[in-house]
file my_file_33.cif (mmCIF, C-alpha atoms)
data_input
loop_
_atom_site.group_PDB
_atom_site.id
_atom_site.type_symbol
_atom_site.label_atom_id
_atom_site.label_comp_id
_atom_site.auth_asym_id
_atom_site.auth_seq_id
_atom_site.Cartn_x
_atom_site.Cartn_y
_atom_site.Cartn_z
ATOM 1 C CA MET A 422 -17.212 33.242 14.328
ATOM 2 C CA ASN A 423 -16.668 29.954 12.640
ATOM 3 C CA ASN A 424 -13.506 29.745 10.631
ATOM 4 C CA PRO A 425 -13.710 27.141 7.932
ATOM 5 C CA ALA A 426 -11.192 24.337 8.173
ATOM 6 C CA PRO A 427 -8.200 24.889 5.923
ATOM 7 C CA THR A 428 -8.458 22.967 2.712
ATOM 8 C CA THR A 429 -5.686 20.618 1.806
ATOM 9 C CA ASN A 430 -5.065 19.391 -1.662
ATOM 10 C CA GLU A 431 -3.530 16.190 -0.398
ATOM 11 C CA GLN A 432 -4.483 13.159 -2.471
ATOM 12 C CA THR A 433 -3.598 9.575 -1.732
ATOM 13 C CA LEU A 434 -1.805 8.181 -4.769
ATOM 14 C CA TRP A 435 -0.852 4.752 -3.422
ATOM 15 C CA ARG A 436 -1.781 2.637 -0.395
ATOM 16 C CA GLY A 437 -0.334 -0.700 0.568
ATOM 17 C CA THR A 438 0.643 -3.164 3.241
ATOM 18 C CA VAL A 439 2.983 -6.117 3.628
ATOM 19 C CA SER A 440 2.711 -8.589 0.746
ATOM 20 C CA HIS A 441 1.055 -11.971 1.302
ATOM 21 C CA LEU A 442 4.208 -13.533 -0.129
ATOM 22 C CA HIS A 443 6.004 -12.399 3.045
ATOM 23 C CA TYR A 444 3.809 -14.950 4.839
ATOM 24 C CA LEU A 445 4.425 -17.774 2.363
ATOM 25 C CA GLY A 446 5.645 -20.215 5.026
ATOM 26 C CA LYS A 447 2.635 -19.535 7.215
ATOM 27 C CA TRP A 448 0.257 -19.954 4.249
ATOM 28 C CA LEU A 449 1.930 -23.274 3.406
ATOM 29 C CA PHE A 450 1.364 -24.364 7.004
ATOM 30 C CA VAL A 451 -2.352 -23.534 6.612
ATOM 31 C CA VAL A 452 -2.483 -25.597 3.396
ATOM 32 C CA ILE A 453 -0.832 -28.543 5.167
ATOM 33 C CA LEU A 454 -3.305 -28.282 8.057
ATOM 34 C CA VAL A 455 -6.280 -28.217 5.679
ATOM 35 C CA ALA A 456 -4.850 -31.159 3.689
ATOM 36 C CA ALA A 457 -4.396 -33.123 6.915
ATOM 37 C CA LEU A 458 -7.958 -32.248 7.898
ATOM 38 C CA GLY A 459 -9.263 -33.462 4.535
ATOM 39 C CA GLY A 460 -7.133 -36.584 4.724
ATOM 40 C CA SER A 461 -8.502 -37.386 8.161
ATOM 41 C CA PHE A 462 -11.897 -38.068 6.590
ATOM 42 C CA LEU A 463 -10.327 -40.978 4.700
ATOM 43 C CA LEU A 464 -9.379 -42.629 7.986
ATOM 44 C CA HIS A 465 -11.720 -44.978 9.796
ATOM 45 C CA PHE A 466 -11.059 -46.089 13.364
ATOM 46 C CA PRO A 467 -14.257 -47.574 14.809
ATOM 47 C CA ASN A 468 -13.050 -47.528 18.410
ATOM 48 C CA SER A 469 -11.543 -44.003 18.242
ATOM 49 C CA ALA A 470 -14.216 -41.924 16.518
ATOM 50 C CA ASP A 471 -14.281 -39.288 19.282
ATOM 51 C CA LEU A 472 -10.500 -38.941 19.240
ATOM 52 C CA LEU A 473 -10.536 -38.547 15.464
ATOM 53 C CA TRP A 474 -13.153 -35.789 15.640
ATOM 54 C CA GLY A 475 -11.079 -34.081 18.334
ATOM 55 C CA CYS A 476 -8.016 -34.143 16.056
ATOM 56 C CA ARG A 477 -10.095 -32.750 13.196
ATOM 57 C CA ALA A 478 -11.346 -29.931 15.416
ATOM 58 C CA ALA A 479 -7.779 -29.162 16.526
ATOM 59 C CA LEU A 480 -6.539 -29.046 12.917
ATOM 60 C CA LEU A 481 -9.379 -26.727 11.917
ATOM 61 C CA ALA A 482 -8.789 -24.485 14.938
ATOM 62 C CA LEU A 483 -5.051 -24.251 14.179
ATOM 63 C CA ALA A 484 -5.745 -23.342 10.553
ATOM 64 C CA ILE A 485 -8.253 -20.638 11.559
ATOM 65 C CA VAL A 486 -5.901 -19.170 14.177
ATOM 66 C CA GLN A 487 -3.052 -19.064 11.654
ATOM 67 C CA VAL A 488 -5.176 -17.275 9.024
ATOM 68 C CA LEU A 489 -6.425 -14.767 11.611
ATOM 69 C CA TRP A 490 -2.857 -14.130 12.810
ATOM 70 C CA ILE A 491 -1.685 -13.439 9.231
ATOM 71 C CA GLN A 492 -4.540 -10.995 8.658
ATOM 72 C CA LEU A 493 -3.951 -9.274 12.002
ATOM 73 C CA ASP A 494 -0.218 -8.960 11.350
ATOM 74 C CA ARG A 495 -0.817 -7.514 7.863
ATOM 75 C CA SER A 496 -3.369 -5.017 9.147
ATOM 76 C CA ARG A 497 -1.009 -3.539 11.712
ATOM 77 C CA ARG A 498 1.249 -1.944 9.084
ATOM 78 C CA LYS A 499 -0.112 0.483 6.490
ATOM 79 C CA TYR A 500 1.868 2.361 3.856
ATOM 80 C CA ALA A 501 0.763 5.468 1.979
ATOM 81 C CA VAL A 502 2.107 7.819 -0.657
ATOM 82 C CA THR A 503 0.271 11.087 -1.163
ATOM 83 C CA ASN A 504 1.141 14.020 -3.354
ATOM 84 C CA ARG A 505 2.680 15.662 -0.235
ATOM 85 C CA ARG A 506 4.178 12.905 1.921
ATOM 86 C CA VAL A 507 5.276 9.305 2.362
ATOM 87 C CA SER A 508 4.046 7.628 5.540
ATOM 88 C CA VAL A 509 3.942 4.344 7.400
ATOM 89 C CA GLU A 510 1.613 3.563 10.286
ATOM 90 C CA TYR A 511 2.254 0.722 12.751
ATOM 91 C CA GLY A 512 0.071 -0.850 15.364
ATOM 92 C CA ILE A 513 -3.454 -1.914 16.090
ATOM 93 C CA VAL A 514 -4.249 -0.536 19.525
ATOM 94 C CA ASN A 515 -1.218 1.704 20.011
ATOM 95 C CA LYS A 516 -0.476 3.432 16.734
ATOM 96 C CA THR A 517 2.814 4.949 15.670
ATOM 97 C CA SER A 518 3.384 6.734 12.397
ATOM 98 C CA ASN A 519 6.417 8.064 10.572
ATOM 99 C CA GLU A 520 6.228 10.371 7.620
ATOM 100 C CA VAL A 521 8.466 12.438 5.392
ATOM 101 C CA ARG A 522 7.332 15.262 3.159
ATOM 102 C CA ILE A 523 7.999 14.530 -0.511
ATOM 103 C CA GLN A 524 10.209 17.606 -0.878
ATOM 104 C CA ASP A 525 12.306 16.460 2.121
ATOM 105 C CA VAL A 526 13.085 13.004 0.714
ATOM 106 C CA ARG A 527 16.806 12.998 -0.097
ATOM 107 C CA SER A 528 17.324 9.339 -0.942
ATOM 108 C CA ILE A 529 15.201 6.347 -1.871
ATOM 109 C CA ASN A 530 16.723 2.901 -1.455
ATOM 110 C CA LEU A 531 15.127 -0.181 -2.980
ATOM 111 C CA ARG A 532 16.085 -3.721 -1.963
ATOM 112 C CA LYS A 533 14.659 -6.772 -3.735
ATOM 113 C CA THR A 534 16.019 -10.224 -2.987
ATOM 114 C CA GLY A 535 15.229 -13.819 -3.823
ATOM 115 C CA VAL A 536 12.062 -15.108 -5.406
ATOM 116 C CA SER A 537 9.956 -12.354 -3.880
ATOM 117 C CA GLY A 538 12.258 -9.783 -5.481
ATOM 118 C CA LEU A 539 11.714 -11.416 -8.867
ATOM 119 C CA LEU A 540 7.975 -10.991 -8.264
ATOM 120 C CA GLY A 541 8.365 -7.250 -7.601
ATOM 121 C CA ILE A 542 8.255 -7.367 -3.806
ATOM 122 C CA GLY A 543 10.888 -5.370 -2.000
ATOM 123 C CA THR A 544 11.795 -2.965 0.765
ATOM 124 C CA VAL A 545 11.692 0.744 -0.045
ATOM 125 C CA GLU A 546 13.513 3.114 2.317
ATOM 126 C CA PHE A 547 12.927 6.867 2.287
ATOM 127 C CA SER A 548 15.496 9.106 3.975
ATOM 128 C CA SER A 549 15.635 12.808 4.615
ATOM 129 C CA ALA A 550 18.600 14.972 5.471
ATOM 130 C CA ALA A 551 17.460 15.058 9.101
ATOM 131 C CA THR A 552 18.674 11.565 10.053
ATOM 132 C CA ASP A 553 21.361 9.044 9.171
ATOM 133 C CA ASP A 554 18.912 6.142 8.948
ATOM 134 C CA ALA A 555 15.801 5.717 6.833
ATOM 135 C CA ASP A 556 12.855 7.716 8.170
ATOM 136 C CA VAL A 557 10.120 5.669 6.494
ATOM 137 C CA ILE A 558 10.497 2.028 5.473
ATOM 138 C CA PHE A 559 7.989 0.038 3.437
ATOM 139 C CA TRP A 560 8.879 -3.586 4.310
ATOM 140 C CA ASN A 561 8.065 -6.369 1.833
ATOM 141 C CA THR A 562 5.816 -4.181 -0.227
ATOM 142 C CA PRO A 563 4.350 -5.245 -3.547
ATOM 143 C CA GLU A 564 5.142 -3.083 -6.583
ATOM 144 C CA ALA A 565 8.256 -1.725 -4.855
ATOM 145 C CA GLU A 566 9.730 -0.235 -8.036
ATOM 146 C CA ARG A 567 6.433 1.453 -8.866
ATOM 147 C CA VAL A 568 6.345 3.066 -5.400
ATOM 148 C CA ARG A 569 9.923 4.315 -5.792
ATOM 149 C CA ASP A 570 9.219 5.698 -9.257
ATOM 150 C CA LEU A 571 6.010 7.362 -8.059
ATOM 151 C CA VAL A 572 7.822 9.256 -5.319
ATOM 152 C CA ARG A 573 10.619 10.224 -7.711
ATOM 153 C CA SER A 574 8.077 11.607 -10.176
ATOM 154 C CA LEU A 575 6.465 13.680 -7.414
ATOM 155 C CA GLN A 576 9.823 15.275 -6.605
ATOM 156 C CA SER A 577 10.278 16.754 -10.073
#
call {"tool": "encode", "arguments": {"input": "my_file_33.cif", "output": "structure tokens"}}
result
Amino acid sequence: MNNPAPTTNEQTLWRGTVSHLHYLGKWLFVVILVAALGGSFLLHFPNSADLLWGCRAALLALAIVQVLWIQLDRSRRKYAVTNRRVSVEYGIVNKTSNEVRIQDVRSINLRKTGVSGLLGIGTVEFSSAATDDADVIFWNTPEAERVRDLVRSLQS
């Protein structure tokens, strides 16, 4: 006899990951590499053409590797708020997840600092009564206040 799978009314209300602004220094490095690559086409060394093309290839390769690293690092951390729980998932190959049921959240701490804080990016910590430390932490998440307010509204 086939028992139907239990139905859950869980709906994802918010999904996110680390903000691109967290990687501002790395993005600036990519811009500098691309500018240097573009500037290299203004140079003309008749006896060193092969060396110049080698430098251009190295600059392009560095820029591509940096962009891929940023994307890989962002994709390894995923945040979610559903109508039942708050969760964070880490990893690419080996995955780890932490979650707290909405009704078990006892405190929500929000930390916004510096320029990124002025732009709405912050760290949101969700704690339950089970531990002293935060159970789920959304690091450098965009719309940090909105996430906090969403979870608060689900608790009422």
call {"tool": "resolve_selection", "arguments": {"input": "my_file_33.cif", "expression": "the PyMOL selection byres ((chain A and resi 492-501) around 10)", "output": "VMD selection string"}}
result
chain A and resid 433 to 441 443 to 444 486 to 491 502 to 503 506 to 520 557 to 560 562 568
call {"tool": "write_last_selection", "arguments": {"input": "my_file_33.cif", "atoms": "C-alpha atoms", "output": "PDB file, keeping the file's coordinate frame"}}
result
ATOM      1  CA  THR A 433      -3.598   9.575  -1.732  1.00  0.00           C
ATOM      2  CA  LEU A 434      -1.805   8.181  -4.769  1.00  0.00           C
ATOM      3  CA  TRP A 435      -0.852   4.752  -3.422  1.00  0.00           C
ATOM      4  CA  ARG A 436      -1.781   2.637  -0.395  1.00  0.00           C
ATOM      5  CA  GLY A 437      -0.334  -0.700   0.568  1.00  0.00           C
ATOM      6  CA  THR A 438       0.643  -3.164   3.241  1.00  0.00           C
ATOM      7  CA  VAL A 439       2.983  -6.117   3.628  1.00  0.00           C
ATOM      8  CA  SER A 440       2.711  -8.589   0.746  1.00  0.00           C
ATOM      9  CA  HIS A 441       1.055 -11.971   1.302  1.00  0.00           C
ATOM     10  CA  HIS A 443       6.004 -12.399   3.045  1.00  0.00           C
ATOM     11  CA  TYR A 444       3.809 -14.950   4.839  1.00  0.00           C
ATOM     12  CA  VAL A 486      -5.901 -19.170  14.177  1.00  0.00           C
ATOM     13  CA  GLN A 487      -3.052 -19.064  11.654  1.00  0.00           C
ATOM     14  CA  VAL A 488      -5.176 -17.275   9.024  1.00  0.00           C
ATOM     15  CA  LEU A 489      -6.425 -14.767  11.611  1.00  0.00           C
ATOM     16  CA  TRP A 490      -2.857 -14.130  12.810  1.00  0.00           C
ATOM     17  CA  ILE A 491      -1.685 -13.439   9.231  1.00  0.00           C
ATOM     18  CA  VAL A 502       2.107   7.819  -0.657  1.00  0.00           C
ATOM     19  CA  THR A 503       0.271  11.087  -1.163  1.00  0.00           C
ATOM     20  CA  ARG A 506       4.178  12.905   1.921  1.00  0.00           C
ATOM     21  CA  VAL A 507       5.276   9.305   2.362  1.00  0.00           C
ATOM     22  CA  SER A 508       4.046   7.628   5.540  1.00  0.00           C
ATOM     23  CA  VAL A 509       3.942   4.344   7.400  1.00  0.00           C
ATOM     24  CA  GLU A 510       1.613   3.563  10.286  1.00  0.00           C
ATOM     25  CA  TYR A 511       2.254   0.722  12.751  1.00  0.00           C
ATOM     26  CA  GLY A 512       0.071  -0.850  15.364  1.00  0.00           C
ATOM     27  CA  ILE A 513      -3.454  -1.914  16.090  1.00  0.00           C
ATOM     28  CA  VAL A 514      -4.249  -0.536  19.525  1.00  0.00           C
ATOM     29  CA  ASN A 515      -1.218   1.704  20.011  1.00  0.00           C
ATOM     30  CA  LYS A 516      -0.476   3.432  16.734  1.00  0.00           C
ATOM     31  CA  THR A 517       2.814   4.949  15.670  1.00  0.00           C
ATOM     32  CA  SER A 518       3.384   6.734  12.397  1.00  0.00           C
ATOM     33  CA  ASN A 519       6.417   8.064  10.572  1.00  0.00           C
ATOM     34  CA  GLU A 520       6.228  10.371   7.620  1.00  0.00           C
ATOM     35  CA  VAL A 557      10.120   5.669   6.494  1.00  0.00           C
ATOM     36  CA  ILE A 558      10.497   2.028   5.473  1.00  0.00           C
ATOM     37  CA  PHE A 559       7.989   0.038   3.437  1.00  0.00           C
ATOM     38  CA  TRP A 560       8.879  -3.586   4.310  1.00  0.00           C
ATOM     39  CA  THR A 562       5.816  -4.181  -0.227  1.00  0.00           C
ATOM     40  CA  VAL A 568       6.345   3.066  -5.400  1.00  0.00           C
TER      41      VAL A 568
END
call {"tool": "atom_distance", "arguments": {"input": "my_file_33.cif", "atom1": "CA of Arg569 (chain A)", "atom2": "CA of Phe547 (chain A)"}}
result
9.0 Å
call {"tool": "resolve_selection", "arguments": {"input": "my_file_33.cif", "expression": "the PyMOL selection byres ((chain A and resi 522) around 6)", "output": "PyMOL selection string"}}
result
chain A and resi 505-506+521+523-525
call {"tool": "residues_around", "arguments": {"input": "my_file_33.cif", "residues": "region 526-528 of chain A", "least_positions_apart": "6", "cutoff": "10 Å", "atoms": "only C-alpha atoms", "output": "VMD selection string"}}
result
chain A and resid 506 to 507 546 to 551 555 to 557 572 to 573 576
call {"tool": "axis_aligned_box", "arguments": {"input": "my_file_33.cif", "around": "region 552-558 of chain A", "padding_each_side": "5 Å", "output": "JSON"}}
result
{"center_x": 15.7, "center_y": 6.8, "center_z": 7.8, "size_x": 21.2, "size_y": 19.5, "size_z": 14.6}
call {"tool": "resolve_selection", "arguments": {"input": "my_file_33.cif", "expression": "the PyMOL selection byres ((chain A and resi 455) around 12)", "output": "ChimeraX atom specification"}}
result
/A:448-454,456-462,477-485,487-488
call {"tool": "write_last_selection", "arguments": {"input": "my_file_33.cif", "atoms": "C-alpha atoms", "output": "tab-separated table (two decimals), keeping the file's coordinate frame"}}
result
chain	number	residue	atom	x	y	z
A	448	TRP	CA	0.26	-19.95	4.25
A	449	LEU	CA	1.93	-23.27	3.41
A	450	PHE	CA	1.36	-24.36	7.00
A	451	VAL	CA	-2.35	-23.53	6.61
A	452	VAL	CA	-2.48	-25.60	3.40
A	453	ILE	CA	-0.83	-28.54	5.17
A	454	LEU	CA	-3.30	-28.28	8.06
A	456	ALA	CA	-4.85	-31.16	3.69
A	457	ALA	CA	-4.40	-33.12	6.92
A	458	LEU	CA	-7.96	-32.25	7.90
A	459	GLY	CA	-9.26	-33.46	4.54
A	460	GLY	CA	-7.13	-36.58	4.72
A	461	SER	CA	-8.50	-37.39	8.16
A	462	PHE	CA	-11.90	-38.07	6.59
A	477	ARG	CA	-10.10	-32.75	13.20
A	478	ALA	CA	-11.35	-29.93	15.42
A	479	ALA	CA	-7.78	-29.16	16.53
A	480	LEU	CA	-6.54	-29.05	12.92
A	481	LEU	CA	-9.38	-26.73	11.92
A	482	ALA	CA	-8.79	-24.48	14.94
A	483	LEU	CA	-5.05	-24.25	14.18
A	484	ALA	CA	-5.74	-23.34	10.55
A	485	ILE	CA	-8.25	-20.64	11.56
A	487	GLN	CA	-3.05	-19.06	11.65
A	488	VAL	CA	-5.18	-17.27	9.02
call {"tool": "atom_distance", "arguments": {"input": "my_file_33.cif", "atom1": "CA of Ala565 (chain A)", "atom2": "CA of Leu531 (chain A)"}}
result
7.3 Å
call {"tool": "atom_distance", "arguments": {"input": "my_file_33.cif", "atom1": "CA of Cys476 (chain A)", "atom2": "CA of Lys447 (chain A)"}}
result
20.1 Å
call {"tool": "residues_near_point", "arguments": {"input": "my_file_33.cif", "point": "(-3.8, 18.0, -1.0)", "cutoff": "7 Å", "atoms": "all atoms listed in the file", "output": "list in words"}}
result
Thr429, Asn430, Glu431, Gln432, Asn504 and Arg505 of chain A
call {"tool": "residues_around", "arguments": {"input": "my_file_33.cif", "residues": "Val536 (chain A)", "least_positions_apart": "3", "cutoff": "12 Å", "atoms": "all atoms listed in the file", "output": "list in words"}}
result
Leu442, His443, Leu445, Lys533, Leu539, Leu540, Gly541, Ile542 and Gly543 of chain A
call {"tool": "write_last_selection", "arguments": {"input": "my_file_33.cif", "atoms": "C-alpha atoms", "output": "mmCIF file, keeping the file's coordinate frame"}}
result
data_model
loop_
_atom_site.group_PDB
_atom_site.id
_atom_site.type_symbol
_atom_site.label_atom_id
_atom_site.label_comp_id
_atom_site.auth_asym_id
_atom_site.auth_seq_id
_atom_site.Cartn_x
_atom_site.Cartn_y
_atom_site.Cartn_z
ATOM 1 C CA LEU A 442 4.208 -13.533 -0.129
ATOM 2 C CA HIS A 443 6.004 -12.399 3.045
ATOM 3 C CA LEU A 445 4.425 -17.774 2.363
ATOM 4 C CA LYS A 533 14.659 -6.772 -3.735
ATOM 5 C CA LEU A 539 11.714 -11.416 -8.867
ATOM 6 C CA LEU A 540 7.975 -10.991 -8.264
ATOM 7 C CA GLY A 541 8.365 -7.250 -7.601
ATOM 8 C CA ILE A 542 8.255 -7.367 -3.806
ATOM 9 C CA GLY A 543 10.888 -5.370 -2.000
#
call {"tool": "build_atoms", "arguments": {"input": "my_file_33.cif", "residues": "region 446-465 of chain A", "atoms": "N, CA and C atoms", "output": "PDB file, keeping the file's coordinate frame"}}
result
ATOM      1  N   GLY A 446       5.475 -19.056   4.147  1.00  0.00           N
ATOM      2  CA  GLY A 446       5.645 -20.215   5.026  1.00  0.00           C
ATOM      3  C   GLY A 446       4.421 -20.458   5.888  1.00  0.00           C
ATOM      4  N   LYS A 447       3.832 -19.400   6.383  1.00  0.00           N
ATOM      5  CA  LYS A 447       2.635 -19.535   7.215  1.00  0.00           C
ATOM      6  C   LYS A 447       1.442 -19.999   6.377  1.00  0.00           C
ATOM      7  N   TRP A 448       1.336 -19.496   5.126  1.00  0.00           N
ATOM      8  CA  TRP A 448       0.257 -19.954   4.249  1.00  0.00           C
ATOM      9  C   TRP A 448       0.441 -21.426   3.887  1.00  0.00           C
ATOM     10  N   LEU A 449       1.681 -21.854   3.688  1.00  0.00           N
ATOM     11  CA  LEU A 449       1.930 -23.274   3.406  1.00  0.00           C
ATOM     12  C   LEU A 449       1.531 -24.147   4.596  1.00  0.00           C
ATOM     13  N   PHE A 450       1.773 -23.645   5.793  1.00  0.00           N
ATOM     14  CA  PHE A 450       1.364 -24.364   7.004  1.00  0.00           C
ATOM     15  C   PHE A 450      -0.158 -24.516   7.042  1.00  0.00           C
ATOM     16  N   VAL A 451      -0.882 -23.464   6.660  1.00  0.00           N
ATOM     17  CA  VAL A 451      -2.352 -23.534   6.612  1.00  0.00           C
ATOM     18  C   VAL A 451      -2.783 -24.585   5.586  1.00  0.00           C
ATOM     19  N   VAL A 452      -2.138 -24.609   4.427  1.00  0.00           N
ATOM     20  CA  VAL A 452      -2.483 -25.597   3.396  1.00  0.00           C
ATOM     21  C   VAL A 452      -2.238 -27.012   3.909  1.00  0.00           C
ATOM     22  N   ILE A 453      -1.135 -27.218   4.608  1.00  0.00           N
ATOM     23  CA  ILE A 453      -0.832 -28.543   5.167  1.00  0.00           C
ATOM     24  C   ILE A 453      -1.881 -28.934   6.211  1.00  0.00           C
ATOM     25  N   LEU A 454      -2.277 -27.988   7.055  1.00  0.00           N
ATOM     26  CA  LEU A 454      -3.305 -28.282   8.057  1.00  0.00           C
ATOM     27  C   LEU A 454      -4.628 -28.670   7.400  1.00  0.00           C
ATOM     28  N   VAL A 455      -5.020 -27.925   6.370  1.00  0.00           N
ATOM     29  CA  VAL A 455      -6.280 -28.217   5.679  1.00  0.00           C
ATOM     30  C   VAL A 455      -6.190 -29.558   4.955  1.00  0.00           C
ATOM     31  N   ALA A 456      -5.031 -29.863   4.355  1.00  0.00           N
ATOM     32  CA  ALA A 456      -4.850 -31.159   3.689  1.00  0.00           C
ATOM     33  C   ALA A 456      -4.932 -32.296   4.703  1.00  0.00           C
ATOM     34  N   ALA A 457      -4.329 -32.099   5.875  1.00  0.00           N
ATOM     35  CA  ALA A 457      -4.396 -33.123   6.915  1.00  0.00           C
ATOM     36  C   ALA A 457      -5.834 -33.291   7.397  1.00  0.00           C
ATOM     37  N   LEU A 458      -6.552 -32.181   7.495  1.00  0.00           N
ATOM     38  CA  LEU A 458      -7.958 -32.248   7.898  1.00  0.00           C
ATOM     39  C   LEU A 458      -8.769 -33.041   6.869  1.00  0.00           C
ATOM     40  N   GLY A 459      -8.565 -32.722   5.594  1.00  0.00           N
ATOM     41  CA  GLY A 459      -9.263 -33.462   4.535  1.00  0.00           C
ATOM     42  C   GLY A 459      -8.877 -34.927   4.517  1.00  0.00           C
ATOM     43  N   GLY A 460      -7.603 -35.200   4.704  1.00  0.00           N
ATOM     44  CA  GLY A 460      -7.133 -36.584   4.724  1.00  0.00           C
ATOM     45  C   GLY A 460      -7.680 -37.375   5.895  1.00  0.00           C
ATOM     46  N   SER A 461      -7.979 -36.677   6.982  1.00  0.00           N
ATOM     47  CA  SER A 461      -8.502 -37.386   8.161  1.00  0.00           C
ATOM     48  C   SER A 461      -9.874 -38.003   7.903  1.00  0.00           C
ATOM     49  N   PHE A 462     -10.590 -37.496   6.904  1.00  0.00           N
ATOM     50  CA  PHE A 462     -11.897 -38.068   6.590  1.00  0.00           C
ATOM     51  C   PHE A 462     -11.769 -39.390   5.818  1.00  0.00           C
ATOM     52  N   LEU A 463     -10.566 -39.698   5.362  1.00  0.00           N
ATOM     53  CA  LEU A 463     -10.327 -40.978   4.700  1.00  0.00           C
ATOM     54  C   LEU A 463     -10.006 -42.073   5.706  1.00  0.00           C
ATOM     55  N   LEU A 464      -9.718 -41.663   6.937  1.00  0.00           N
ATOM     56  CA  LEU A 464      -9.379 -42.629   7.986  1.00  0.00           C
ATOM     57  C   LEU A 464     -10.649 -43.160   8.646  1.00  0.00           C
ATOM     58  N   HIS A 465     -10.579 -44.381   9.107  1.00  0.00           N
ATOM     59  CA  HIS A 465     -11.720 -44.978   9.796  1.00  0.00           C
ATOM     60  C   HIS A 465     -11.204 -45.839  10.953  1.00  0.00           C
TER      61      HIS A 465
END
